Amino acid sequence: MSEGYVIGVDHGYAAMKTVHGSFPSGLVAYEHEPYTQKNVLEYGGTYYVVGSGRQPLQKDKTRTEDYYLLTLAAIARELDCRNAERTCSVILAAGLPLTSFGRDKKKFRAYLLRDGKPVPFRYEGRDYTVTVRDVKLFPQGYAAVLTQTELLDEPSVIVADIGGWTVDLMRLDNRLPNAATCRSLEWGMIRCIDEISEQVRRVLGLSLTTAQIECVLRGDASSLPDEAKGIIHAQADLYVQNLLSTITECGLDTRAMPTIFIGGGAALMKRRVSATNGLCRPVILDDVSLNAKGYERLSLSFSLTQREQRNAWERLSAVAPGQRMDAVCRMINGYMEQQELLEAIRGAIREELAGVSFPKTTTQQEQAGAVDEDVLGFLRALQEG
């Protein structure tokens, strides 16, 4: 069995995302094997077609087994993309909105971890046995932005993570989230698409699919009549205006500081948000897997496998939360001062030893009073360095 893979999973209301792809968060159960193995998960004697339709809204994702089953499918798809072993252990890296992170972290971790025992299942006709060894949770949105360090040079930036059902907002001050500014609004792309669909039905009597609407929003070729396309674009523009107004009402001034748009909604709205909307500097990151990538990167960064790392983390954990940044700065400054002092000492020793000759042989060493060879080696290194 493999020692373990770190797999980032973004559990969206509209779509599940991993580093290498995404699929709709739909799930349909069957008592008997479906006619095809495509996107079919077999678990506990039941068959599930994954990615079919839209998952009913679940504000509490631990309320049913649906998101656990979707997680198994996501793990299988990601292992396949990596050509990895199908019998393995994994470390799941996932996220929660910053607004509910403290409240839901323990419950969501237990939901994904279960008892840590091997879980057998089949996906698309292939057998998997996966042991979830650990679950690491991070704030969504913030994890995605941390992958784009060049965007964080500004003293303050707004982050708008436009998901399927929610838009998660936060302001970063000197790269750190300002907790007082965090909001989670029920203003995601599902609402935008539903309003577009209703308007087209009301005006033209047409019932469009979500895929058709998304196609037009992306600017891809479509056979829809121009009148329908016009309604889609007009409603999308209205959605953007309302969203920006709502962000402002939350106390985040998009005219005064850069705004980073991420998430699935950012990908669909890429052509609609610009400086003409009165924004200071809009930055659109349209990689829908950015949160999953952020989770993986943070999980790997926080893998405290070395003794020195564990000791440093224990020391930092002992510091009160509001004082940790100052403590880190003091540690860094202290380390730099130690290095400068050590270099000064080395320089002084080199000057003192400039004309000294050290014993090279055992006989000379004995005559010098059995000087330890390690000490001689250290002194020679100083003299040569």
# chains A, B, ... in the order shown; residues from 1 in each chain; ligands from 1
call {"tool": "select_by_dssp", "arguments": {"residues": "stretch 91-332 of chain A", "states": "strand (DSSP E)", "output": "PyMOL selection string"}}
result
chain A and resi 91-96+119-123+126-139+156-162+167-173+176-185+259-262+282-284
call {"tool": "select_by_dssp", "arguments": {"residues": "stretch 91-139 of chain A", "states": "helix (DSSP H, G or I)", "output": "count of residues only"}}
result
16
call {"tool": "closest_residue", "arguments": {"among": "A:Lys270, A:Asp127, A:Gly8, A:Gly294", "to": "A:Tyr142", "atoms": "only C-alpha atoms"}}
result
A:Gly294
call {"tool": "residues_around", "arguments": {"residues": "A:Gln235", "least_positions_apart": "4", "cutoff": "9 Å", "atoms": "only C-alpha atoms", "output": "list of chain:residue names"}}
result
A:Cys192, A:Ile193, A:Glu195, A:Ile196, A:Gln199, A:Gly230, A:Ile231, A:Tyr239, A:Val240
call {"tool": "closest_residue", "arguments": {"among": "A:Ala312, A:Leu204, A:Val130, A:Ala228", "to": "A:Ala84", "atoms": "only C-alpha atoms"}}
result
A:Val130
call {"tool": "residues_around", "arguments": {"residues": "A:Lys59", "least_positions_apart": "4", "cutoff": "12 Å", "atoms": "only C-alpha atoms", "output": "list in words"}}
result
His11, Gly12, Tyr13, Gln55, Arg63, Thr64, Tyr67, Leu96, Pro97, Ser100, Asp104, Gly164, Trp165, Thr166, Ser184 and Glu186 of chain A
call {"tool": "residues_around", "arguments": {"residues": "A:Pro177", "least_positions_apart": "6", "cutoff": "12 Å", "atoms": "only C-alpha atoms", "output": "ChimeraX atom specification"}}
result
/A:98-99,139-143,145-146,152,155-159,169-171,183
call {"tool": "closest_residue", "arguments": {"among": "A:Ser52, A:Thr259, A:Gln241, A:Ser289", "to": "A:Ala144", "atoms": "only C-alpha atoms"}}
result
A:Ser289
call {"tool": "atom_distance", "arguments": {"atom1": "atom CA of A:Thr147", "atom2": "atom CA of A:Ser22"}}
result
18.6 Å
call {"tool": "residues_around", "arguments": {"residues": "A:Thr254", "least_positions_apart": "3", "cutoff": "9 Å", "atoms": "only C-alpha atoms", "output": "list in words"}}
result
Val157, Ile158, Leu244, Ile247, Thr248, Met257, Pro258, Thr259, Gly278, Leu279, Cys280, Arg281 and Pro282 of chain A
call {"tool": "residues_around", "arguments": {"residues": "stretch 85-94 of chain A", "least_positions_apart": "5", "cutoff": "6 Å", "atoms": "only C-alpha atoms", "output": "JSON, numbers by chain"}}
result
{"A": [1, 2, 4, 5, 6, 7, 8, 9, 10, 128, 129, 130, 131, 132, 133, 134, 135, 136, 137, 295, 296]}
call {"tool": "write_last_selection", "arguments": {"atoms": "N, CA, C and O atoms", "output": "PDB file, in the first residue's frame"}}
result
ATOM      1  N   MET A   1       0.843  -1.197   0.000  1.00  0.00           N
ATOM      2  CA  MET A   1       0.000   0.000   0.000  1.00  0.00           C
ATOM      3  C   MET A   1       0.875   1.242   0.000  1.00  0.00           C
ATOM      4  O   MET A   1       1.912   1.283   0.645  1.00  0.00           O
ATOM      5  N   SER A   2       0.445   2.287  -0.732  1.00  0.00           N
ATOM      6  CA  SER A   2       1.177   3.542  -0.770  1.00  0.00           C
ATOM      7  C   SER A   2       1.186   4.194   0.600  1.00  0.00           C
ATOM      8  O   SER A   2       0.307   3.997   1.419  1.00  0.00           O
ATOM      9  N   GLY A   4       0.810   7.252   1.182  1.00  0.00           N
ATOM     10  CA  GLY A   4      -0.264   8.236   1.256  1.00  0.00           C
ATOM     11  C   GLY A   4      -0.120   9.348   0.248  1.00  0.00           C
ATOM     12  O   GLY A   4       0.980   9.812  -0.047  1.00  0.00           O
ATOM     13  N   TYR A   5      -1.252   9.772  -0.296  1.00  0.00           N
ATOM     14  CA  TYR A   5      -1.305  10.893  -1.225  1.00  0.00           C
ATOM     15  C   TYR A   5      -2.079  12.028  -0.564  1.00  0.00           C
ATOM     16  O   TYR A   5      -3.078  11.802   0.108  1.00  0.00           O
ATOM     17  N   VAL A   6      -1.617  13.247  -0.776  1.00  0.00           N
ATOM     18  CA  VAL A   6      -2.368  14.422  -0.329  1.00  0.00           C
ATOM     19  C   VAL A   6      -3.294  14.824  -1.470  1.00  0.00           C
ATOM     20  O   VAL A   6      -2.840  15.111  -2.578  1.00  0.00           O
ATOM     21  N   ILE A   7      -4.598  14.829  -1.212  1.00  0.00           N
ATOM     22  CA  ILE A   7      -5.590  15.125  -2.245  1.00  0.00           C
ATOM     23  C   ILE A   7      -6.467  16.287  -1.776  1.00  0.00           C
ATOM     24  O   ILE A   7      -7.160  16.191  -0.768  1.00  0.00           O
ATOM     25  N   GLY A   8      -6.423  17.372  -2.511  1.00  0.00           N
ATOM     26  CA  GLY A   8      -7.262  18.522  -2.218  1.00  0.00           C
ATOM     27  C   GLY A   8      -8.621  18.384  -2.867  1.00  0.00           C
ATOM     28  O   GLY A   8      -8.715  18.071  -4.053  1.00  0.00           O
ATOM     29  N   VAL A   9      -9.680  18.611  -2.098  1.00  0.00           N
ATOM     30  CA  VAL A   9     -11.050  18.508  -2.596  1.00  0.00           C
ATOM     31  C   VAL A   9     -11.826  19.747  -2.163  1.00  0.00           C
ATOM     32  O   VAL A   9     -11.862  20.088  -0.979  1.00  0.00           O
ATOM     33  N   ASP A  10     -12.439  20.392  -3.141  1.00  0.00           N
ATOM     34  CA  ASP A  10     -13.283  21.563  -2.882  1.00  0.00           C
ATOM     35  C   ASP A  10     -14.738  21.115  -3.014  1.00  0.00           C
ATOM     36  O   ASP A  10     -15.212  20.799  -4.102  1.00  0.00           O
ATOM     37  N   TYR A 128     -11.341   0.101  -5.659  1.00  0.00           N
ATOM     38  CA  TYR A 128     -10.501   0.975  -4.854  1.00  0.00           C
ATOM     39  C   TYR A 128     -10.636   0.568  -3.386  1.00  0.00           C
ATOM     40  O   TYR A 128     -11.712   0.175  -2.943  1.00  0.00           O
ATOM     41  N   THR A 129      -9.549   0.689  -2.665  1.00  0.00           N
ATOM     42  CA  THR A 129      -9.574   0.552  -1.209  1.00  0.00           C
ATOM     43  C   THR A 129      -8.764   1.710  -0.652  1.00  0.00           C
ATOM     44  O   THR A 129      -7.532   1.734  -0.749  1.00  0.00           O
ATOM     45  N   VAL A 130      -9.457   2.667  -0.092  1.00  0.00           N
ATOM     46  CA  VAL A 130      -8.823   3.927   0.319  1.00  0.00           C
ATOM     47  C   VAL A 130      -8.962   4.102   1.823  1.00  0.00           C
ATOM     48  O   VAL A 130     -10.054   3.942   2.380  1.00  0.00           O
ATOM     49  N   THR A 131      -7.866   4.426   2.456  1.00  0.00           N
ATOM     50  CA  THR A 131      -7.863   4.746   3.880  1.00  0.00           C
ATOM     51  C   THR A 131      -7.614   6.241   4.033  1.00  0.00           C
ATOM     52  O   THR A 131      -6.559   6.744   3.635  1.00  0.00           O
ATOM     53  N   VAL A 132      -8.595   6.943   4.571  1.00  0.00           N
ATOM     54  CA  VAL A 132      -8.406   8.376   4.838  1.00  0.00           C
ATOM     55  C   VAL A 132      -7.644   8.486   6.155  1.00  0.00           C
ATOM     56  O   VAL A 132      -8.201   8.306   7.238  1.00  0.00           O
ATOM     57  N   ARG A 133      -6.361   8.753   6.037  1.00  0.00           N
ATOM     58  CA  ARG A 133      -5.473   8.759   7.207  1.00  0.00           C
ATOM     59  C   ARG A 133      -5.613  10.025   8.029  1.00  0.00           C
ATOM     60  O   ARG A 133      -5.429  10.025   9.247  1.00  0.00           O
ATOM     61  N   ASP A 134      -5.919  11.136   7.365  1.00  0.00           N
ATOM     62  CA  ASP A 134      -6.053  12.403   8.080  1.00  0.00           C
ATOM     63  C   ASP A 134      -6.871  13.371   7.220  1.00  0.00           C
ATOM     64  O   ASP A 134      -6.969  13.196   5.999  1.00  0.00           O
ATOM     65  N   VAL A 135      -7.459  14.349   7.859  1.00  0.00           N
ATOM     66  CA  VAL A 135      -8.201  15.403   7.165  1.00  0.00           C
ATOM     67  C   VAL A 135      -7.688  16.740   7.667  1.00  0.00           C
ATOM     68  O   VAL A 135      -7.705  17.007   8.872  1.00  0.00           O
ATOM     69  N   LYS A 136      -7.222  17.565   6.740  1.00  0.00           N
ATOM     70  CA  LYS A 136      -6.743  18.898   7.084  1.00  0.00           C
ATOM     71  C   LYS A 136      -7.683  19.922   6.444  1.00  0.00           C
ATOM     72  O   LYS A 136      -7.954  19.844   5.249  1.00  0.00           O
ATOM     73  N   LEU A 137      -8.173  20.849   7.244  1.00  0.00           N
ATOM     74  CA  LEU A 137      -9.150  21.829   6.771  1.00  0.00           C
ATOM     75  C   LEU A 137      -8.559  23.234   6.795  1.00  0.00           C
ATOM     76  O   LEU A 137      -7.832  23.595   7.723  1.00  0.00           O
ATOM     77  N   TYR A 295      -5.567  24.098  -0.993  1.00  0.00           N
ATOM     78  CA  TYR A 295      -5.644  23.153   0.124  1.00  0.00           C
ATOM     79  C   TYR A 295      -4.457  22.197   0.105  1.00  0.00           C
ATOM     80  O   TYR A 295      -3.848  21.919   1.147  1.00  0.00           O
ATOM     81  N   GLU A 296      -4.145  21.680  -1.071  1.00  0.00           N
ATOM     82  CA  GLU A 296      -3.022  20.740  -1.171  1.00  0.00           C
ATOM     83  C   GLU A 296      -1.712  21.414  -0.796  1.00  0.00           C
ATOM     84  O   GLU A 296      -0.899  20.863  -0.057  1.00  0.00           O
TER      85      GLU A 296
END
call {"tool": "closest_residue", "arguments": {"among": "A:Ile284, A:Ile75, A:Ile260, A:Ala179", "to": "A:Ala160", "atoms": "only C-alpha atoms"}}
result
A:Ile260
call {"tool": "atom_distance", "arguments": {"atom1": "atom CA of A:Glu31", "atom2": "atom CA of A:Ala76"}}
result
21.4 Å
call {"tool": "atom_distance", "arguments": {"atom1": "atom CA of A:Gly95", "atom2": "atom CA of A:Glu150"}}
result
22.5 Å
call {"tool": "decode", "arguments": {"residues": "stretch 54-70 of chain A", "atoms": "N, CA and C atoms", "output": "short mmCIF file (atom, residue, chain, number, x, y, z; two decimals), in the first residue's frame"}}
result
data_model
loop_
_atom_site.label_atom_id
_atom_site.label_comp_id
_atom_site.auth_asym_id
_atom_site.auth_seq_id
_atom_site.Cartn_x
_atom_site.Cartn_y
_atom_site.Cartn_z
N ARG A 54 -28.07 18.63 -10.56
CA ARG A 54 -27.60 19.52 -9.50
C ARG A 54 -27.97 18.94 -8.14
N GLN A 55 -27.00 18.98 -7.24
CA GLN A 55 -27.24 18.51 -5.88
C GLN A 55 -28.23 19.43 -5.17
N PRO A 56 -29.28 18.88 -4.52
CA PRO A 56 -30.16 19.75 -3.73
C PRO A 56 -29.36 20.52 -2.70
N LEU A 57 -29.74 21.77 -2.48
CA LEU A 57 -28.99 22.63 -1.58
C LEU A 57 -28.94 22.04 -0.17
N GLN A 58 -27.71 21.88 0.34
CA GLN A 58 -27.49 21.41 1.70
C GLN A 58 -26.57 22.39 2.40
N LYS A 59 -27.13 23.24 3.22
CA LYS A 59 -26.29 24.18 3.96
C LYS A 59 -25.40 23.45 4.94
N ASP A 60 -25.89 22.34 5.48
CA ASP A 60 -25.08 21.47 6.33
C ASP A 60 -24.70 20.24 5.50
N LYS A 61 -23.48 20.22 5.00
CA LYS A 61 -23.07 19.16 4.09
C LYS A 61 -22.87 17.82 4.78
N THR A 62 -22.90 17.81 6.10
CA THR A 62 -22.77 16.55 6.83
C THR A 62 -24.12 15.91 7.14
N ARG A 63 -25.21 16.55 6.72
CA ARG A 63 -26.54 16.07 7.08
C ARG A 63 -26.87 14.74 6.42
N THR A 64 -26.37 14.50 5.21
CA THR A 64 -26.60 13.24 4.49
C THR A 64 -25.25 12.65 4.08
N GLU A 65 -25.31 11.47 3.49
CA GLU A 65 -24.10 10.81 3.01
C GLU A 65 -23.63 11.34 1.66
N ASP A 66 -24.41 12.23 1.05
CA ASP A 66 -24.14 12.63 -0.34
C ASP A 66 -22.72 13.15 -0.54
N TYR A 67 -22.28 14.07 0.29
CA TYR A 67 -20.96 14.66 0.06
C TYR A 67 -19.83 13.70 0.42
N TYR A 68 -20.10 12.72 1.27
CA TYR A 68 -19.09 11.68 1.51
C TYR A 68 -18.93 10.82 0.26
N LEU A 69 -20.06 10.46 -0.35
CA LEU A 69 -20.01 9.66 -1.58
C LEU A 69 -19.34 10.45 -2.71
N LEU A 70 -19.66 11.73 -2.81
CA LEU A 70 -19.01 12.57 -3.82
C LEU A 70 -17.51 12.68 -3.57
#
